[in-house]
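Printed here is target.cif (mmCIF, C-alpha atoms):
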```cif
data_query
#
loop_
_atom_site.group_PDB
_atom_site.id
_atom_site.type_symbol
_atom_site.label_atom_id
_atom_site.label_comp_id
_atom_site.auth_asym_id
_atom_site.auth_seq_id
_atom_site.Cartn_x
_atom_site.Cartn_y
_atom_site.Cartn_z
ATOM 1 C CA MET H 160 128.345 199.161 -21.466
ATOM 2 C CA GLU H 161 129.853 198.039 -24.720
ATOM 3 C CA GLY H 162 132.858 196.644 -22.853
ATOM 4 C CA THR H 163 130.579 194.574 -20.640
ATOM 5 C CA VAL H 164 128.816 193.084 -23.647
ATOM 6 C CA VAL H 165 132.104 192.218 -25.274
ATOM 7 C CA ALA H 166 133.303 190.576 -22.065
ATOM 8 C CA VAL H 167 130.121 188.525 -21.796
ATOM 9 C CA VAL H 168 130.441 187.400 -25.398
ATOM 10 C CA LEU H 169 134.059 186.447 -24.851
ATOM 11 C CA VAL H 170 133.150 184.471 -21.730
ATOM 12 C CA ALA H 171 130.366 182.685 -23.582
ATOM 13 C CA VAL H 172 132.660 181.820 -26.482
ATOM 14 C CA ALA H 173 135.303 180.549 -24.053
ATOM 15 C CA ALA H 174 132.711 178.455 -22.256
ATOM 16 C CA LEU H 175 131.535 176.972 -25.549
ATOM 17 C CA LEU H 176 135.105 176.187 -26.520
ATOM 18 C CA VAL H 177 135.696 174.503 -23.172
ATOM 19 C CA LEU H 178 132.492 172.481 -23.480
ATOM 20 C CA ARG H 179 133.360 171.566 -27.040
ATOM 21 C CA SER H 180 136.803 170.384 -26.027
ATOM 22 C CA GLY H 181 135.292 168.202 -23.294
ATOM 23 C CA MET H 182 132.502 166.702 -25.395
ATOM 24 C CA ARG H 183 133.013 163.176 -26.706
ATOM 25 C CA VAL H 184 130.839 160.797 -28.735
ATOM 26 C CA VAL H 185 130.865 157.092 -27.899
ATOM 27 C CA ASN H 186 129.623 154.833 -30.699
ATOM 28 C CA GLN H 187 127.138 152.012 -30.197
ATOM 29 C CA VAL H 188 129.820 149.311 -30.519
ATOM 30 C CA GLU H 189 132.187 151.026 -28.066
ATOM 31 C CA ARG H 190 132.479 151.706 -24.373
ATOM 32 C CA GLY H 191 134.478 154.636 -22.923
ATOM 33 C CA VAL H 192 136.914 154.150 -20.031
ATOM 34 C CA VAL H 193 137.679 157.518 -18.393
ATOM 35 C CA PHE H 194 141.006 158.214 -16.699
ATOM 36 C CA ARG H 195 140.870 161.212 -14.344
ATOM 37 C CA MET H 196 144.268 162.497 -13.387
ATOM 38 C CA GLY H 197 145.677 159.110 -14.415
ATOM 39 C CA LYS H 198 143.212 157.073 -12.336
ATOM 40 C CA ALA H 199 140.483 155.035 -14.025
ATOM 41 C CA LEU H 200 136.956 155.767 -12.946
ATOM 42 C CA PRO H 201 134.989 152.728 -11.676
ATOM 43 C CA SER H 202 132.256 153.102 -14.289
ATOM 44 C CA TYR H 203 132.680 153.351 -18.040
ATOM 45 C CA ARG H 204 130.728 155.615 -20.356
ATOM 46 C CA GLN H 205 127.819 154.208 -22.357
ATOM 47 C CA PRO H 206 127.187 154.939 -26.072
ATOM 48 C CA GLY H 207 126.095 158.494 -26.822
ATOM 49 C CA VAL H 208 127.369 161.989 -26.040
ATOM 50 C CA THR H 209 129.459 162.309 -22.901
ATOM 51 C CA PHE H 210 131.335 165.217 -21.339
ATOM 52 C CA LEU H 211 134.821 165.206 -19.893
ATOM 53 C CA ILE H 212 136.596 167.687 -17.738
ATOM 54 C CA PRO H 213 139.062 169.474 -20.031
ATOM 55 C CA PHE H 214 142.730 168.989 -19.245
ATOM 56 C CA VAL H 215 141.769 166.547 -16.458
ATOM 57 C CA ASP H 216 139.952 163.582 -17.992
ATOM 58 C CA ARG H 217 141.174 161.295 -20.737
ATOM 59 C CA MET H 218 138.961 158.648 -22.313
ATOM 60 C CA ARG H 219 139.945 155.387 -24.023
ATOM 61 C CA LYS H 220 137.367 153.672 -26.235
ATOM 62 C CA VAL H 221 137.124 149.899 -26.143
ATOM 63 C CA ASN H 222 135.376 147.987 -28.941
ATOM 64 C CA THR H 223 132.903 145.348 -27.722
ATOM 65 C CA GLN H 224 132.228 143.671 -31.079
ATOM 66 C CA VAL H 225 133.179 140.062 -31.742
ATOM 67 C CA VAL H 226 136.743 139.966 -33.054
ATOM 68 C CA THR H 227 137.662 137.306 -35.631
ATOM 69 C CA MET H 228 141.357 136.639 -35.338
ATOM 70 C CA PRO H 229 143.161 134.013 -37.461
ATOM 71 C CA VAL H 230 145.840 132.042 -35.675
ATOM 72 C CA PRO H 231 149.010 131.627 -37.785
ATOM 73 C CA THR H 232 149.972 128.133 -38.889
ATOM 74 C CA GLN H 233 151.651 126.232 -36.085
ATOM 75 C CA GLU H 234 153.915 123.240 -36.750
ATOM 76 C CA GLY H 235 154.119 120.456 -34.205
ATOM 77 C CA ILE H 236 154.391 116.727 -33.617
ATOM 78 C CA THR H 237 151.312 114.794 -32.602
ATOM 79 C CA LYS H 238 151.091 112.215 -29.853
ATOM 80 C CA ASP H 239 151.671 109.405 -32.369
ATOM 81 C CA ASN H 240 154.826 111.131 -33.761
ATOM 82 C CA VAL H 241 153.416 112.689 -36.934
ATOM 83 C CA SER H 242 154.619 116.128 -38.026
ATOM 84 C CA VAL H 243 151.663 118.366 -38.961
ATOM 85 C CA LYS H 244 150.877 122.028 -39.573
ATOM 86 C CA VAL H 245 147.639 123.356 -38.098
ATOM 87 C CA ASP H 246 145.981 126.765 -38.319
ATOM 88 C CA ALA H 247 142.883 127.967 -36.489
ATOM 89 C CA VAL H 248 140.590 130.959 -35.947
ATOM 90 C CA VAL H 249 139.468 132.527 -32.657
ATOM 91 C CA TYR H 250 136.227 134.429 -32.038
ATOM 92 C CA PHE H 251 136.244 136.605 -28.912
ATOM 93 C CA ARG H 252 134.759 139.812 -27.544
ATOM 94 C CA VAL H 253 135.288 142.208 -24.631
ATOM 95 C CA THR H 254 132.847 141.730 -21.741
ATOM 96 C CA ASP H 255 134.524 144.049 -19.215
ATOM 97 C CA PRO H 256 135.933 147.192 -20.887
ATOM 98 C CA LEU H 257 137.522 148.388 -17.631
ATOM 99 C CA ARG H 258 139.656 145.261 -17.280
ATOM 100 C CA ALA H 259 140.489 145.190 -20.984
ATOM 101 C CA ALA H 260 141.845 148.735 -20.710
ATOM 102 C CA ILE H 261 143.716 148.277 -17.418
ATOM 103 C CA GLU H 262 144.756 144.647 -16.899
ATOM 104 C CA VAL H 263 146.467 144.093 -20.261
ATOM 105 C CA GLN H 264 148.342 146.423 -22.547
ATOM 106 C CA ASP H 265 146.944 145.033 -25.831
ATOM 107 C CA TYR H 266 144.282 142.390 -25.338
ATOM 108 C CA VAL H 267 144.133 141.478 -29.048
ATOM 109 C CA PHE H 268 147.850 140.715 -29.180
ATOM 110 C CA ALA H 269 147.666 138.867 -25.849
ATOM 111 C CA VAL H 270 144.798 136.641 -27.004
ATOM 112 C CA GLY H 271 146.696 135.883 -30.224
ATOM 113 C CA GLN H 272 149.803 134.747 -28.341
ATOM 114 C CA VAL H 273 147.782 132.567 -25.972
ATOM 115 C CA ALA H 274 145.944 131.032 -28.929
ATOM 116 C CA GLN H 275 149.217 130.098 -30.658
ATOM 117 C CA SER H 276 150.722 128.464 -27.574
ATOM 118 C CA SER H 277 147.461 126.641 -26.794
ATOM 119 C CA LEU H 278 147.249 125.343 -30.362
ATOM 120 C CA ARG H 279 150.760 123.919 -30.167
ATOM 121 C CA SER H 280 149.897 122.296 -26.854
ATOM 122 C CA ILE H 281 146.756 120.709 -28.324
ATOM 123 C CA ILE H 282 148.780 119.314 -31.238
ATOM 124 C CA GLY H 283 151.216 117.611 -28.875
ATOM 125 C CA LYS H 284 148.440 116.074 -26.763
ATOM 126 C CA SER H 285 146.308 114.711 -29.650
ATOM 127 C CA ASP H 286 146.620 111.864 -32.121
ATOM 128 C CA LEU H 287 146.438 112.385 -35.851
ATOM 129 C CA ASP H 288 143.035 110.680 -36.026
ATOM 130 C CA ASP H 289 141.671 113.144 -33.448
ATOM 131 C CA LEU H 290 142.923 116.124 -35.464
ATOM 132 C CA LEU H 291 141.211 114.789 -38.585
ATOM 133 C CA SER H 292 137.929 113.409 -37.209
ATOM 134 C CA ASP H 293 137.284 114.458 -33.594
ATOM 135 C CA ARG H 294 137.614 118.216 -33.982
ATOM 136 C CA GLU H 295 134.628 119.229 -31.882
ATOM 137 C CA ARG H 296 136.263 117.930 -28.718
ATOM 138 C CA LEU H 297 139.514 119.667 -29.656
ATOM 139 C CA HIS H 298 137.639 122.927 -30.253
ATOM 140 C CA GLU H 299 136.134 122.783 -26.780
ATOM 141 C CA GLY H 300 139.474 122.005 -25.144
ATOM 142 C CA LEU H 301 141.247 124.743 -27.089
ATOM 143 C CA ALA H 302 138.582 127.332 -26.188
ATOM 144 C CA LEU H 303 138.885 126.387 -22.510
ATOM 145 C CA MET H 304 142.670 126.753 -22.583
ATOM 146 C CA ILE H 305 142.462 130.239 -24.143
ATOM 147 C CA ASP H 306 139.534 131.409 -22.021
ATOM 148 C CA SER H 307 141.275 130.706 -18.703
ATOM 149 C CA PRO H 308 143.810 133.590 -18.914
ATOM 150 C CA ALA H 309 141.562 135.770 -21.082
ATOM 151 C CA ALA H 310 138.833 135.894 -18.403
ATOM 152 C CA GLY H 311 141.136 137.968 -16.191
ATOM 153 C CA TRP H 312 141.485 140.505 -19.019
ATOM 154 C CA GLY H 313 137.745 141.022 -19.400
ATOM 155 C CA VAL H 314 137.695 139.007 -22.650
ATOM 156 C CA HIS H 315 135.352 136.101 -23.390
ATOM 157 C CA ILE H 316 136.267 133.428 -25.968
ATOM 158 C CA ASP H 317 133.148 132.631 -27.983
ATOM 159 C CA ARG H 318 134.564 129.874 -30.195
ATOM 160 C CA VAL H 319 137.806 128.394 -31.491
ATOM 161 C CA GLU H 320 137.915 126.335 -34.688
ATOM 162 C CA ILE H 321 140.715 124.434 -36.415
ATOM 163 C CA LYS H 322 140.615 125.422 -40.069
ATOM 164 C CA ASP H 323 143.109 123.141 -41.765
ATOM 165 C CA VAL H 324 145.521 120.307 -40.961
ATOM 166 C CA GLN H 325 148.431 120.016 -43.402
ATOM 167 C CA LEU H 326 150.033 116.559 -43.620
ATOM 168 C CA PRO H 327 153.389 115.539 -45.147
ATOM 169 C CA GLU H 328 153.224 114.238 -48.713
ATOM 170 C CA SER H 329 154.611 110.833 -47.742
ATOM 171 C CA LEU H 330 151.895 110.435 -45.131
ATOM 172 C CA LYS H 331 149.232 111.423 -47.644
ATOM 173 C CA ARG H 332 150.429 108.697 -50.017
ATOM 174 C CA SER H 333 150.458 106.142 -47.213
ATOM 175 C CA MET H 334 146.931 107.069 -46.166
ATOM 176 C CA SER H 335 145.808 106.878 -49.793
ATOM 177 C CA ARG H 336 147.224 103.358 -50.142
ATOM 178 C CA GLN H 337 145.622 102.355 -46.862
ATOM 179 C CA ALA H 338 142.240 103.671 -47.999
ATOM 180 C CA GLU H 339 142.544 101.836 -51.322
ATOM 181 C CA ALA H 340 143.438 98.588 -49.546
ATOM 182 C CA GLU H 341 140.489 98.993 -47.201
ATOM 183 C CA ARG H 342 138.096 99.583 -50.088
ATOM 184 C CA GLU H 343 139.534 96.557 -51.926
ATOM 185 C CA ARG H 344 139.058 94.416 -48.826
ATOM 186 C CA ARG H 345 135.435 95.523 -48.476
ATOM 187 C CA ALA H 346 134.795 94.825 -52.155
ATOM 188 C CA ARG H 347 136.188 91.304 -51.872
ATOM 189 C CA VAL H 348 134.205 90.607 -48.719
ATOM 190 C CA ILE H 349 131.001 91.835 -50.347
ATOM 191 C CA THR H 350 131.676 89.736 -53.458
ATOM 192 C CA ALA H 351 132.375 86.632 -51.385
ATOM 193 C CA ASP H 352 129.244 87.206 -49.313
ATOM 194 C CA GLY H 353 127.201 87.548 -52.499
ATOM 195 C CA GLU H 354 128.618 84.287 -53.856
ATOM 196 C CA PHE H 355 127.846 82.558 -50.564
ATOM 197 C CA GLN H 356 124.241 83.769 -50.554
ATOM 198 C CA ALA H 357 123.820 82.835 -54.212
ATOM 199 C CA ALA H 358 125.145 79.322 -53.490
ATOM 200 C CA GLN H 359 122.698 78.972 -50.610
ATOM 201 C CA GLN H 360 119.775 80.039 -52.774
ATOM 202 C CA LEU H 361 120.822 77.663 -55.575
ATOM 203 C CA ALA H 362 121.075 74.800 -53.095
ATOM 204 C CA ASN H 363 117.582 75.594 -51.799
ATOM 205 C CA ALA H 364 116.249 75.787 -55.361
ATOM 206 C CA SER H 365 117.832 72.436 -56.285
ATOM 207 C CA ARG H 366 116.229 70.765 -53.273
ATOM 208 C CA ILE H 367 112.827 72.179 -54.181
ATOM 209 C CA MET H 368 113.152 71.073 -57.809
ATOM 210 C CA SER H 369 114.241 67.585 -56.758
ATOM 211 C CA ASP H 370 111.129 67.277 -54.587
ATOM 212 C CA THR H 371 108.813 68.598 -57.350
ATOM 213 C CA PRO H 372 109.905 67.543 -60.876
ATOM 214 C CA GLU H 373 107.222 69.782 -62.389
ATOM 215 C CA ALA H 374 109.222 72.783 -61.225
ATOM 216 C CA MET H 375 111.993 71.846 -63.663
ATOM 217 C CA GLN H 376 109.507 71.887 -66.537
ATOM 218 C CA LEU H 377 108.172 75.294 -65.449
ATOM 219 C CA ARG H 378 111.699 76.642 -65.215
ATOM 220 C CA LEU H 379 112.444 75.335 -68.711
ATOM 221 C CA LEU H 380 109.355 77.047 -70.096
ATOM 222 C CA GLN H 381 110.276 80.288 -68.345
ATOM 223 C CA THR H 382 113.766 80.155 -69.838
ATOM 224 C CA VAL H 383 112.260 79.595 -73.284
ATOM 225 C CA VAL H 384 110.027 82.673 -72.815
ATOM 226 C CA GLU H 385 112.975 84.820 -71.724
ATOM 227 C CA VAL H 386 115.095 83.734 -74.671
ATOM 228 C CA ALA H 387 112.213 84.214 -77.122
ATOM 229 C CA ALA H 388 111.850 87.831 -75.982
ATOM 230 C CA GLU H 389 115.116 88.685 -77.717
ATOM 231 C CA LYS H 390 114.472 89.640 -81.347
ATOM 232 C CA ASN H 391 117.940 88.697 -82.552
ATOM 233 C CA SER H 392 118.050 85.129 -81.209
ATOM 234 C CA THR H 393 116.772 81.791 -82.534
ATOM 235 C CA LEU H 394 115.705 79.042 -80.168
ATOM 236 C CA VAL H 395 116.024 75.425 -81.281
ATOM 237 C CA MET H 396 114.369 72.709 -79.182
ATOM 238 C CA PRO H 397 115.892 69.308 -80.117
ATOM 239 C CA PHE H 398 113.406 67.341 -77.996
ATOM 240 C CA PRO H 399 109.798 68.163 -77.268
ATOM 241 C CA VAL H 400 108.760 68.622 -73.704
ATOM 242 C CA GLU H 401 106.472 65.562 -73.864
ATOM 243 C CA LEU H 402 109.383 63.333 -74.795
ATOM 244 C CA LEU H 403 111.417 64.640 -71.869
ATOM 245 C CA ARG H 404 108.432 64.010 -69.585
ATOM 246 C CA TYR H 405 108.161 60.443 -70.955
ATOM 247 C CA PHE H 406 111.820 59.811 -70.163
ATOM 248 C CA ASP H 407 111.301 61.173 -66.681
ATOM 249 C CA LYS H 408 108.348 58.835 -66.031
ATOM 250 C CA ALA H 409 110.264 55.857 -67.414
ATOM 251 C CA ALA H 410 113.226 56.613 -65.169
ATOM 252 C CA GLN H 411 110.895 56.794 -62.162
ATOM 253 C CA HIS H 412 109.225 53.483 -63.155
ATOM 254 C CA PHE H 413 112.482 51.572 -63.511
ATOM 255 C CA GLY H 414 113.887 53.130 -60.423
ATOM 256 C CA SER H 415 110.907 52.000 -58.270
ATOM 257 C CA GLY H 416 110.595 48.399 -59.700
ATOM 258 C CA ALA H 417 111.767 45.274 -57.706
ATOM 259 C CA ALA H 418 114.977 43.568 -58.709
ATOM 260 C CA PRO H 419 114.497 40.163 -60.464
ATOM 261 C CA THR H 420 115.165 37.105 -58.315
ATOM 262 C CA ALA H 421 117.476 34.260 -59.466
ATOM 263 C CA PRO H 422 115.895 30.775 -60.114
ATOM 264 C CA ALA H 423 116.199 28.276 -57.255
ATOM 265 C CA ALA H 424 118.838 25.531 -57.656
ATOM 266 C CA PRO H 425 117.528 21.888 -57.871
ATOM 267 C CA ALA H 426 117.796 19.864 -54.704
ATOM 268 C CA ALA H 427 120.476 17.178 -54.543
ATOM 269 C CA PRO H 428 119.147 13.504 -54.805
ATOM 270 C CA VAL H 429 119.063 11.530 -51.582
ATOM 271 C CA PRO H 430 120.677 8.076 -51.930
ATOM 272 C CA ALA H 431 118.374 5.103 -51.260
ATOM 273 C CA GLN H 432 119.088 2.868 -48.270
ATOM 274 C CA ASP H 433 119.796 -0.849 -48.641
ATOM 275 C CA PRO H 434 117.273 -2.875 -46.593
ATOM 276 C CA ARG H 435 119.842 -5.548 -45.959
ATOM 277 C CA VAL H 436 122.100 -3.208 -44.097
ATOM 278 C CA GLU H 437 121.345 -2.922 -40.437
ATOM 279 C CA HIS H 438 121.555 0.535 -39.029
ATOM 280 C CA ARG H 439 122.488 0.836 -35.440
ATOM 281 C CA PRO H 440 122.409 3.924 -33.454
#
```

In structure tokens, what does this structure look like?
Amino acid sequence: MEGTVVAVVLVAVAALLVLRSGMRVVNQVERGVVFRMGKALPSYRQPGVTFLIPFVDRMRKVNTQVVTMPVPTQEGITKDNVSVKVDAVVYFRVTDPLRAAIEVQDYVFAVGQVAQSSLRSIIGKSDLDDLLSDRERLHEGLALMIDSPAAGWGVHIDRVEIKDVQLPESLKRSMSRQAEAERERRARVITADGEFQAAQQLANASRIMSDTPEAMQLRLLQTVVEVAAEKNSTLVMPFPVELLRYFDKAAQHFGSGAAPTAPAAPAAPVPAQDPRVEHRP
């Protein structure tokens, strides 16, 4: 009887050990791909506790979180023959754990190599201005180039971004001089346009003042008020305003008067005719 109890206990302990050896825990951010006798099962294990057949099944866990992978700096020549160094960052995640575990040996390393070659290809196909200003279009093209082979590995490329574009020092100096020249050109154009508009306004003001002489007097009074507002200035008026107005009226009077006419010359005397002389036609 005692031997039977001991045998049952031993069997129970062995069964627990077997179950314990076959029990696995899959985390929330992982998926389990089970290989049974070397052959992958068609369905992967979901997060939680799962049981494997001891000595028969082997499980590989695949992380499904978004992976942020920096792309090393790649040196290349742009389409307009400028040598640059560009680095980027790739965001991707596993969408099919079965393919990621079977189709590629190391999907992280594979995505990194594809990203480097695609980045060099983008550098050769783009101009320098596109690398500096039109990055959104380059991001989309780069993501499409990486996603094409990665889709067969069960990997989806969420986003690719170019972080930095390193330019040669000589090119930086040339671009700096170009920017300074452009700003100088804009400043001169703005100054010239301001002078042109000011000249137009002065011409309009002169025409208005010539049509209305009273406007000149009002402008003079306004200037006197502006100068008098300064506490440290003294205003001296050599002529009163009434005297200036008198001169203005006199100039208008003489300018509108008729020019004097010269006296008429006396008529020449007509010689008298002798009655004794006969005039014939």

Chain and number of each residue from the PyMOL selection byres ((chain H and resi 184) around 6), as a list in words: Arg183, Val185, Gly207 and Val208 of chain H

Dump C-alpha atoms for the selected residues as a PDB file, keeping the file's coordinate frame?
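Result saved to out-v4.pdb:
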```pdb
ATOM      1  CA  ARG H 183     133.013 163.176 -26.706  1.00  0.00           C
ATOM      2  CA  VAL H 185     130.865 157.092 -27.899  1.00  0.00           C
ATOM      3  CA  GLY H 207     126.095 158.494 -26.822  1.00  0.00           C
ATOM      4  CA  VAL H 208     127.369 161.989 -26.040  1.00  0.00           C
TER       5      VAL H 208
END
```

Residue with the minimum atom-to-atom distance to H:Gly300, picked from H:Val167, H:Ala362, H:Val319, H:Met196 with all atoms listed in the file counted, is H:Val319

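Straight-line separation from atom CA of H:Arg217 to atom CA of H:Ala199: 9.2 Å.
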
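The shortest atom-to-atom distance to H:Lys244, with all atoms listed in the file taken into account, belongs to H:Leu326 out of H:Met182, H:Leu326, H:Ala309, H:Leu303.
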
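In this structure, atom CA of H:Val263 sits 28.6 Å away from atom CA of H:Ser180.
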
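Atom pair atom CA of H:Gly271 / atom CA of H:Gly311: separated by 15.2 Å.
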
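What the PyMOL selection byres ((chain H and resi 215) around 6) grabs from this file is H:Arg195, H:Met196, H:Ile212, H:Pro213, H:Phe214, H:Asp216.
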
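If you count all atoms listed in the file and ignore residues fewer than 2 places along the chain from stretch 284-289 of chain H, what sits within 6 Å of it is Thr237, Lys238, Asp239, Ile281, Ile282, Leu291, Ser292 and Asp293 of chain H.
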
Where does the PyMOL selection byres ((chain H and resi 278) around 9) land in this file, that is, which residues does it pick, as a VMD selection string? chain H and resid 230 233 245 to 247 273 to 277 279 to 283 301 321

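Closest approach to H:His315 from the set H:Pro231, H:Pro327, H:Pro256, H:Gly353 is made by H:Pro256, with distances taken over all atoms listed in the file.
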
List the spatial neighbours of H:Arg318 as a list in words - criterion: any atom at most 10 Å away, all atoms listed in the file, same-chain residues fewer than 5 positions off excluded. Thr227, Val248, Val249, Tyr250, Phe251, His298, Glu299, Leu301, Ala302, Leu303, Ile305 and Asp306 of chain H

Go through H:Val172, H:Val324, H:Met375, H:Val221 one by one, measure the shortest atom-to-atom distance of each to H:Val192 using only C-alpha atoms, and give the residue with the smallest value. H:Val221

Centre and size of axis-aligned box enclosing stretch 204-210 of chain H plus 6 Å each side, as lines of an AutoDock Vina configuration file:
```
center_x = 128.7
center_y = 159.7
center_z = -23.6
size_x = 17.2
size_y = 23.0
size_z = 18.5
```

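Counting only C-alpha atoms and comparing H:Asn222, H:Gln376, H:Thr371, H:Ser242, the residue that lies closest to H:Leu257 is H:Asn222.
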
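With distances restricted to only C-alpha atoms, H:Val314 is the closest residue to H:Ala259 from H:Val383, H:Val348, H:Ala340, H:Val314.
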
My structure is short of atoms at stretch 165-190 of chain H; please model N, CA and C atoms there, returning them as a PDB file, in the frame of the given file.
```pdb
ATOM      1  N   VAL H 165     131.001 192.935 -24.626  1.00  0.00           N
ATOM      2  CA  VAL H 165     132.104 192.218 -25.274  1.00  0.00           C
ATOM      3  C   VAL H 165     132.680 191.185 -24.326  1.00  0.00           C
ATOM      4  N   ALA H 166     132.781 191.524 -23.048  1.00  0.00           N
ATOM      5  CA  ALA H 166     133.303 190.576 -22.065  1.00  0.00           C
ATOM      6  C   ALA H 166     132.389 189.376 -21.925  1.00  0.00           C
ATOM      7  N   VAL H 167     131.071 189.646 -21.912  1.00  0.00           N
ATOM      8  CA  VAL H 167     130.121 188.525 -21.796  1.00  0.00           C
ATOM      9  C   VAL H 167     130.212 187.607 -23.007  1.00  0.00           C
ATOM     10  N   VAL H 168     130.341 188.221 -24.166  1.00  0.00           N
ATOM     11  CA  VAL H 168     130.441 187.400 -25.398  1.00  0.00           C
ATOM     12  C   VAL H 168     131.707 186.567 -25.362  1.00  0.00           C
ATOM     13  N   LEU H 169     132.812 187.194 -24.913  1.00  0.00           N
ATOM     14  CA  LEU H 169     134.059 186.447 -24.851  1.00  0.00           C
ATOM     15  C   LEU H 169     133.977 185.286 -23.862  1.00  0.00           C
ATOM     16  N   VAL H 170     133.318 185.544 -22.729  1.00  0.00           N
ATOM     17  CA  VAL H 170     133.150 184.471 -21.730  1.00  0.00           C
ATOM     18  C   VAL H 170     132.297 183.334 -22.290  1.00  0.00           C
ATOM     19  N   ALA H 171     131.233 183.716 -23.000  1.00  0.00           N
ATOM     20  CA  ALA H 171     130.366 182.685 -23.582  1.00  0.00           C
ATOM     21  C   ALA H 171     131.106 181.859 -24.618  1.00  0.00           C
ATOM     22  N   VAL H 172     131.898 182.562 -25.455  1.00  0.00           N
ATOM     23  CA  VAL H 172     132.660 181.820 -26.482  1.00  0.00           C
ATOM     24  C   VAL H 172     133.680 180.899 -25.814  1.00  0.00           C
ATOM     25  N   ALA H 173     134.331 181.386 -24.755  1.00  0.00           N
ATOM     26  CA  ALA H 173     135.303 180.549 -24.053  1.00  0.00           C
ATOM     27  C   ALA H 173     134.628 179.343 -23.422  1.00  0.00           C
ATOM     28  N   ALA H 174     133.439 179.583 -22.860  1.00  0.00           N
ATOM     29  CA  ALA H 174     132.711 178.455 -22.256  1.00  0.00           C
ATOM     30  C   ALA H 174     132.325 177.429 -23.306  1.00  0.00           C
ATOM     31  N   LEU H 175     131.883 177.912 -24.467  1.00  0.00           N
ATOM     32  CA  LEU H 175     131.535 176.972 -25.549  1.00  0.00           C
ATOM     33  C   LEU H 175     132.750 176.190 -26.014  1.00  0.00           C
ATOM     34  N   LEU H 176     133.886 176.889 -26.099  1.00  0.00           N
ATOM     35  CA  LEU H 176     135.105 176.187 -26.520  1.00  0.00           C
ATOM     36  C   LEU H 176     135.513 175.132 -25.496  1.00  0.00           C
ATOM     37  N   VAL H 177     135.348 175.482 -24.215  1.00  0.00           N
ATOM     38  CA  VAL H 177     135.696 174.503 -23.172  1.00  0.00           C
ATOM     39  C   VAL H 177     134.758 173.300 -23.233  1.00  0.00           C
ATOM     40  N   LEU H 178     133.447 173.606 -23.379  1.00  0.00           N
ATOM     41  CA  LEU H 178     132.492 172.481 -23.480  1.00  0.00           C
ATOM     42  C   LEU H 178     132.753 171.634 -24.720  1.00  0.00           C
ATOM     43  N   ARG H 179     133.101 172.308 -25.803  1.00  0.00           N
ATOM     44  CA  ARG H 179     133.360 171.566 -27.040  1.00  0.00           C
ATOM     45  C   ARG H 179     134.594 170.692 -26.903  1.00  0.00           C
ATOM     46  N   SER H 180     135.593 171.189 -26.201  1.00  0.00           N
ATOM     47  CA  SER H 180     136.803 170.384 -26.027  1.00  0.00           C
ATOM     48  C   SER H 180     136.560 169.188 -25.098  1.00  0.00           C
ATOM     49  N   GLY H 181     135.578 169.306 -24.216  1.00  0.00           N
ATOM     50  CA  GLY H 181     135.292 168.202 -23.294  1.00  0.00           C
ATOM     51  C   GLY H 181     134.200 167.277 -23.774  1.00  0.00           C
ATOM     52  N   MET H 182     133.582 167.545 -24.906  1.00  0.00           N
ATOM     53  CA  MET H 182     132.502 166.702 -25.395  1.00  0.00           C
ATOM     54  C   MET H 182     133.068 165.562 -26.232  1.00  0.00           C
ATOM     55  N   ARG H 183     132.598 164.348 -25.962  1.00  0.00           N
ATOM     56  CA  ARG H 183     133.013 163.176 -26.706  1.00  0.00           C
ATOM     57  C   ARG H 183     131.771 162.378 -27.129  1.00  0.00           C
ATOM     58  N   VAL H 184     131.920 161.650 -28.225  1.00  0.00           N
ATOM     59  CA  VAL H 184     130.839 160.797 -28.735  1.00  0.00           C
ATOM     60  C   VAL H 184     131.320 159.351 -28.696  1.00  0.00           C
ATOM     61  N   VAL H 185     130.556 158.525 -27.995  1.00  0.00           N
ATOM     62  CA  VAL H 185     130.865 157.092 -27.899  1.00  0.00           C
ATOM     63  C   VAL H 185     129.906 156.345 -28.828  1.00  0.00           C
ATOM     64  N   ASN H 186     130.457 155.575 -29.757  1.00  0.00           N
ATOM     65  CA  ASN H 186     129.623 154.833 -30.699  1.00  0.00           C
ATOM     66  C   ASN H 186     128.904 153.665 -30.019  1.00  0.00           C
ATOM     67  N   GLN H 187     127.942 153.098 -30.754  1.00  0.00           N
ATOM     68  CA  GLN H 187     127.138 152.012 -30.197  1.00  0.00           C
ATOM     69  C   GLN H 187     127.980 150.772 -29.895  1.00  0.00           C
ATOM     70  N   VAL H 188     129.016 150.522 -30.686  1.00  0.00           N
ATOM     71  CA  VAL H 188     129.820 149.311 -30.519  1.00  0.00           C
ATOM     72  C   VAL H 188     131.015 149.560 -29.610  1.00  0.00           C
ATOM     73  N   GLU H 189     131.061 150.684 -28.912  1.00  0.00           N
ATOM     74  CA  GLU H 189     132.187 151.026 -28.066  1.00  0.00           C
ATOM     75  C   GLU H 189     131.731 151.339 -26.652  1.00  0.00           C
ATOM     76  N   ARG H 190     132.691 151.270 -25.753  1.00  0.00           N
ATOM     77  CA  ARG H 190     132.479 151.706 -24.373  1.00  0.00           C
ATOM     78  C   ARG H 190     133.675 152.587 -24.017  1.00  0.00           C
TER      79      ARG H 190
END
```
